[in-house]
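Chemist: Got a structure for you, written out below as structure tokens; questions coming shortly.
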Amino acid sequence: MKKTFIIALALAIVAPMSVQAANFTFVPAVGNYHTGDTITTSVYVNPGAGETITATKVMLNFPASKLEVTAYTPTSGGNILAHVGSKTDNTAGTVVDNVAFNPGITASTKVATITFKAKADGQTTVSVSSSAKLLDNNNADKTGTSPSAVFTVSAPAPVVPTTQPKSDATITPPSLPKTPTTGAKGNTTGKKSLSKTTTTIATTTAEATTTTETATTSTSTDQLAAAANPKSSNGGMKWYYWLGIFIVLTGFFLIWKRKKDGSN
């Protein structure tokens, strides 16, 4: 009697530990995000120990003020036969999807992937509704307690500037009018003007010198011409020219006369 009692007590303790009810889980089920970030999680169906799930009604709730479903992507292939009536409602904050398996599943199976947009900061919870169902091959509901997914959303990360503002040293001051400078070097503009003026004076002086030389040359030429011309500047011949002519003619006459007398 005592031995039977001990065996019954052991079975009572071990039996609940070995039995696991079918449920839904989220992967990942936790995470930290910023407002405006994308949050992606997958929904899994987990049959209980020794159970075969042939159909399921996925029904999820989420805070519409903090999350928005941007994509619900059903999984296809494998044991999944079909998805019927998939629907998301961002106003009510619900996701509904009916999935049929063939053959029925006995191991954890991903049925869909959900993508959320974080709308506001704070803690957000995605939970499985009490209306969700996990049916076995006898159409019996085997749904147990399903853990929720909890995501923490904080304010946006501060934007780090990619470029540094220019320092005051790189700012070019406005141009100021140039003030003529005096001193050893003198004014550059003044030098240019003085050089130009000097050149002009030199050119004028050279022209004046050339004109004077030309005039002097003309005067000397005129004087030489006047000396070669037997006429005076008054239009007549000077007396000494006439005297010279008289002497020459007298000489020719005397020579002629001697020759004539000698011939007689």
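Residues in the structure tokens are numbered from 1 in each chain, the chains being A, B, ... in the order shown, and ligands are numbered from 1 in the order shown.
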Near A:Gly48, within 8 Å and counting only C-alpha atoms, which residues show up once chain neighbours fewer than 4 positions away are dropped, as a PyMOL selection string?
Modeler: chain A and resi 19-23+52+106+142
Chemist: Find the residue from A:Phe151, A:Leu249, A:Ala112, A:Asn61 that sits nearest to A:Ser129; use only C-alpha atoms when measuring.
Modeler: A:Asn61
Chemist: What's around stretch 122-125 of chain A at 7 Å? Count only C-alpha atoms, leave out sequence neighbours fewer than 6 positions away in its own chain, and write the answer as a PDB file with C-alpha atoms, in the first residue's frame.
Modeler:
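Output file part_7.pdb is given in full below:
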```
ATOM      1  CA  PHE A  62      -0.809  45.197 -30.747  1.00  0.00           C
ATOM      2  CA  PRO A  63      -0.993  48.878 -29.640  1.00  0.00           C
ATOM      3  CA  LYS A  66       2.725  52.779 -30.976  1.00  0.00           C
ATOM      4  CA  SER A 148       3.854  37.861 -25.614  1.00  0.00           C
ATOM      5  CA  ALA A 149       6.555  39.778 -27.454  1.00  0.00           C
ATOM      6  CA  VAL A 150       7.735  42.928 -25.674  1.00  0.00           C
ATOM      7  CA  PHE A 151       9.641  45.643 -27.556  1.00  0.00           C
ATOM      8  CA  THR A 152      11.057  48.812 -26.003  1.00  0.00           C
ATOM      9  CA  VAL A 153      10.959  51.907 -28.182  1.00  0.00           C
ATOM     10  CA  SER A 154      12.884  55.067 -27.261  1.00  0.00           C
TER      11      SER A 154
END
```
Chemist: I'd like the contact shell of A:Ile114 - 9 Å cut-off, only C-alpha atoms, skipping same-chain residues fewer than 3 positions apart - returned as a list in words.
Modeler: Ile39, Thr40, Thr41, Ser42, Val43, Val69, Thr70, Ala71, Tyr72, Thr73 and Pro74 of chain A
Chemist: If I take atom CA of A:Tyr44 and atom CA of A:Val30, how far is one from the other in Å, to one decimal?
Modeler: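 If I compute the distance from atom CA of A:Tyr44 to atom CA of A:Val30, I get 15.0 Å.
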Chemist: When you count only C-alpha atoms, which of these residues is closest to A:Asn46: A:Gly144, A:Pro156, A:Gly78, A:Gly31?
Modeler: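 When distances to A:Asn46 are compared using only C-alpha atoms, the smallest one comes from A:Gly144.
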Chemist: Near A:Asn138, within 9 Å and counting only C-alpha atoms, which residues show up once chain neighbours fewer than 3 positions away are dropped, as a PyMOL selection string?
Modeler: chain A and resi 54+135+141
Chemist: Among stretch 74-129 of chain A, which residues does DSSP mark as strand (DSSP E) when it is run on the backbone? Keep the chain and numbering as in the structure and answer as a ChimeraX atom specification.
Modeler: /A:74,80-89,94-105,109-118,122-128
Chemist: Could you check which of A:Ile53, A:Leu243, A:Ala155, A:Leu254 is closest to A:Pro103, using only C-alpha atoms?
Modeler: A:Ile53
Chemist: Tell me which of A:Val96, A:Val248, A:Val159, A:Ala64 sits closest to A:Phe116, counting only C-alpha atoms.
Modeler: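 Using only C-alpha atoms, the shortest distance to A:Phe116 belongs to A:Ala64.
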